[in-house]
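Q: Let me give you the structure first, and then I'll get to my questions.
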Amino acid sequence: MPRIVRCSLIQATNVSPAKAMVDKHLGYIRQAADAGAQIVCLQEIFNGPYFCAEQEIRWYDVAEAVPDGPTIRLMQEEARKRPIVLIVPVYEREQEGIYYNTAAIIGNDGANLGKYRKTHIHHVAPGFWEKFYFRPGNLGYPTFDVGVARIGIYICYDRHFPEGARALGLNGAEIVFNPSATVAGLSEHLWKLEQPAHAVANGYYIAAINRVGVEPPWNIGEFYGSSYFCNPRGQIIAQASRDKDEVLTADLDLDLIAEVRKTWQFFRDRRPEQYNSLVRA
């Protein structure tokens with residue numbers, strides 16, 4: 001039997017307060033579940049605005065424990081109720097003064113399957129001041145068996161680094177989800193270049209998510225949506241709108257992974273003994 005996995009990506013404009021944003025996503029999760037989705041991924045720091053547009057200590061107070069904080073506990077109940085696998089990106093507090101940009105992975109029985117912490121932390125204009133808020137991730141590039149597939153997570157700025165994308169492939173990822181918050185003018189021309197290239201180089205599916213709209217009071221630019229699924233051949237097989245809230249759902253044929261890898265053999269032809277200089281500081 002073919003291995004077909006139905007997945008959904010949720011892209012959304014911000015609403016206030018945070019409870020309203022969570023409630024909005026609960027509605028979209030239900031919509032995805034009703035469409036038959038088995039895995040659903042939310043956008044980067046889904047439960048509020050992209051606050052990294054400013055550097056203010058008040059935002060430290062919105063961080064919470066993962067998986068024991070209120071948002072993840074709520075999403076565990078939702079995953080169990082549907083049932084559905086959820087990827088839930090939030091602002092994580094490990095302890096006071098130590099914070100990460102994190103995605104929790106929740107099984108379709110509500111179990112905590114682990115988490116990924118964003119590895120590459122940027123600090124660039126026009127308003128991506130993430131080093132003020134996040135430590136670099138320290139969990140490596142784990143993959144997670146969610147029953148229907150083995151998945152990996154990359155978060156936003158991570159996507160500019162091919163090394164982690166390769167590590168996820170070598171660690172067995174069949175689908176790599178990349179929840180993001182990125183604006184037009186800064187990286188839009190790269191949006192459809194880099195991640196399809198990762199899909200081709202590693203022979204897996206990419207599921208790329210971006211926020212939607214302009215977020216006051218910062219107005220650093222337009223989050224341009226355009227979430228998509230890309231297959232191991234680098235072809236975008238489904239794409240969301242640029243400017244609307246949307247639940248993007250697609251069927252991913254995981255048998256295509258073996259077909260592509262048998263054709264290209266990029267993993268066979270790697271020369272890791274030649275790459276030592278790449279990891280010297």
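Residue names in the structure tokens use chain letters A, B, ... in the order shown, residue numbers from 1 in each chain, and ligand numbers from 1 in the order shown.
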So that I can check the surroundings of Phe229 of chain A, please list as a PyMOL selection string every protein, DNA and RNA residue that reaches within 7 Å of it, counting only C-alpha atoms and ignoring chain neighbours fewer than 4 positions away.
A: chain A and resi 206-208+236-239
Q: Taking 4 positions as the minimum chain separation for residues in the same chain, which residues sit within 10 Å of Trp191 of chain A when counting only C-alpha atoms? Answer as a VMD selection string.
A: chain A and resid 159 to 160 182 184 187 195 to 196 208 210 226 to 228
Q: Looking at A:Glu222, A:Gln265, A:Phe132, A:Gln235, which one is nearest to Arg58 of chain A, with distances taken over only C-alpha atoms?
A: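 Of the candidates, the smallest distance to Arg58 of chain A is held by A:Phe132.
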Q: Could you give me, as a list in words, the residues within 8 Å of His198 of chain A, counting only C-alpha atoms and dropping anything in the same chain fewer than 5 positions from it?
A: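 In the requested form, the answer reads Pro162, Ala165, Arg166, Gly203 and Ile206 of chain A.
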Q: Could you dump the residues just selected with N, CA and C atoms as a compact mmCIF listing (two decimals), in the first residue's frame?
A:
# COMPACT_ATOMS: atom_id res chain seq x y z
N PRO A 162 22.25 25.12 5.20
CA PRO A 162 22.08 23.76 4.64
C PRO A 162 22.59 22.65 5.55
N ALA A 165 19.79 21.22 7.63
CA ALA A 165 18.86 20.54 6.73
C ALA A 165 19.39 19.16 6.35
N ARG A 166 20.71 19.06 6.13
CA ARG A 166 21.32 17.78 5.82
C ARG A 166 21.28 16.85 7.04
N GLY A 203 16.28 14.71 -0.35
CA GLY A 203 15.27 13.74 -0.72
C GLY A 203 14.16 13.60 0.28
N ILE A 206 9.34 19.17 2.26
CA ILE A 206 9.41 20.40 3.05
C ILE A 206 8.00 20.94 3.23
Q: Which one is closest to Phe144 of chain A: A:Gly107, A:Pro70, A:Pro17, A:Pro126? Count only C-alpha atoms.
A: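 Of the candidates, the smallest distance to Phe144 of chain A is held by A:Gly107.
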Q: Give me, as a count of residues only, the residues of segment 11-253 of chain A that a backbone DSSP run labels strand (DSSP E).
A: 70
Q: Considering only C-alpha atoms, can you say which of A:Val260, A:Ala53, A:Leu26, A:Ala240 comes closest to Glu77 of chain A?
A: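 With only C-alpha atoms as the atom set, the closest residue is A:Leu26.
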Q: So which residues touch Arg270 of chain A within 12 Å, counting only C-alpha atoms, skipping near sequence neighbours fewer than 6 positions away, as a list in words?
A: Arg166, Leu170, Ala201, Asn202 and Trp264 of chain A
Q: List as a compact mmCIF listing (two decimals) with N, CA and C atoms, in the first residue's frame the protein and nucleic acid residues near Val40 of chain A, meaning an atom at most 6 Å away when only C-alpha atoms are counted, but skip any in the same chain fewer than 4 places from it.
A:
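Below you can see out11.txt, which holds the result:
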# COMPACT_ATOMS: atom_id res chain seq x y z
N CYS A 7 -1.31 16.27 5.49
CA CYS A 7 -0.77 17.27 6.43
C CYS A 7 -1.43 18.61 6.18
N SER A 8 -1.48 19.43 7.22
CA SER A 8 -2.00 20.79 7.10
C SER A 8 -1.03 21.79 7.71
N LEU A 9 -0.96 22.96 7.10
CA LEU A 9 -0.20 24.10 7.60
C LEU A 9 -1.18 25.22 7.87
N LEU A 86 0.26 17.34 16.39
CA LEU A 86 0.41 18.79 16.36
C LEU A 86 1.86 19.21 16.56
Q: Please extract the residues of segment 12-231 of chain A with a backbone DSSP assignment of helix (DSSP H, G or I) and present them as a ChimeraX atom specification.
A: /A:18-34,51-53,57-62,70-81,130-132,156-160,162-170,188-191,194-202
Q: Keeping C-alpha atoms for every residue in the selection just given, could you write it to a file as a CSV table (one decimal), in the first residue's frame?
A:
chain,number,residue,atom,x,y,z
A,18,ALA,CA,-3.2,36.0,23.2
A,19,LYS,CA,-6.2,34.0,24.1
A,20,ALA,CA,-8.0,35.2,21.0
A,21,MET,CA,-5.0,34.0,18.9
A,22,VAL,CA,-5.1,30.6,20.6
A,23,ASP,CA,-8.9,30.3,20.1
A,24,LYS,CA,-8.5,31.3,16.4
A,25,HIS,CA,-5.9,28.5,15.9
A,26,LEU,CA,-8.1,25.9,17.7
A,27,GLY,CA,-10.8,26.6,15.1
A,28,TYR,CA,-8.3,26.1,12.3
A,29,ILE,CA,-7.0,22.9,13.9
A,30,ARG,CA,-10.5,21.6,13.9
A,31,GLN,CA,-10.9,22.6,10.2
A,32,ALA,CA,-7.7,20.7,9.4
A,33,ALA,CA,-8.9,17.6,11.4
A,34,ASP,CA,-12.2,17.7,9.6
A,51,PHE,CA,7.4,40.6,19.4
A,52,CYS,CA,11.0,40.3,18.3
A,53,ALA,CA,10.3,43.5,16.3
A,57,ILE,CA,11.9,42.9,28.7
A,58,ARG,CA,8.1,42.7,29.1
A,59,TRP,CA,8.0,39.9,26.5
A,60,TYR,CA,10.0,37.6,28.8
A,61,ASP,CA,6.8,37.2,30.8
A,62,VAL,CA,5.0,35.5,27.9
A,70,PRO,CA,-0.6,26.0,29.7
A,71,THR,CA,-0.4,26.3,25.9
A,72,ILE,CA,1.2,23.0,25.3
A,73,ARG,CA,-1.1,21.3,27.8
A,74,LEU,CA,-4.1,22.7,26.0
A,75,MET,CA,-2.8,21.5,22.6
A,76,GLN,CA,-2.2,18.1,24.1
A,77,GLU,CA,-5.9,17.9,24.9
A,78,GLU,CA,-6.7,19.1,21.4
A,79,ALA,CA,-4.4,16.5,19.8
A,80,ARG,CA,-6.0,13.7,21.9
A,81,LYS,CA,-9.5,14.8,21.1
A,130,GLU,CA,16.0,37.6,18.3
A,131,LYS,CA,19.3,37.5,20.2
A,132,PHE,CA,17.6,39.7,22.8
A,156,CYS,CA,12.5,30.2,10.3
A,157,TYR,CA,16.1,31.6,10.0
A,158,ASP,CA,17.4,28.0,10.3
A,159,ARG,CA,16.3,27.5,6.7
A,160,HIS,CA,19.2,29.6,5.4
A,162,PRO,CA,22.1,23.8,4.6
A,163,GLU,CA,24.1,21.9,7.3
A,164,GLY,CA,21.1,21.4,9.7
A,165,ALA,CA,18.9,20.5,6.7
A,166,ARG,CA,21.3,17.8,5.8
A,167,ALA,CA,21.5,16.6,9.4
A,168,LEU,CA,17.7,16.2,9.5
A,169,GLY,CA,17.9,14.1,6.4
A,170,LEU,CA,20.7,11.9,7.8
A,188,GLU,CA,10.7,36.8,-0.1
A,189,HIS,CA,12.9,36.1,-3.2
A,190,LEU,CA,14.6,33.3,-1.2
A,191,TRP,CA,11.3,31.7,0.0
A,194,GLU,CA,16.3,27.6,-0.4
A,195,GLN,CA,13.8,25.1,0.9
A,196,PRO,CA,13.1,23.4,-2.4
A,197,ALA,CA,16.9,23.1,-2.7
A,198,HIS,CA,17.0,21.4,0.8
A,199,ALA,CA,14.2,19.0,-0.4
A,200,VAL,CA,16.2,18.1,-3.5
A,201,ALA,CA,19.6,17.8,-1.7
A,202,ASN,CA,18.1,15.5,1.0
Q: Hey, which of A:Ile98, A:Ile105, A:Leu113, A:Ala12 ends up closest to Pro136 of chain A? Count only C-alpha atoms.
A: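 So, comparing all the options, the nearest one is A:Ile98.
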Q: Report, in Å to a single decimal, how far apart atom CA of Glu96 of chain A and atom CA of Leu42 of chain A are.
A: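 Distance between the two atoms: 25.6 Å.
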Q: Between A:Asp253, A:Asp109, A:Asp269, A:Glu94, which one has atoms that come closest to Ala65 of chain A, using only C-alpha atoms?
A: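 Of the candidates, the smallest distance to Ala65 of chain A is held by A:Glu94.
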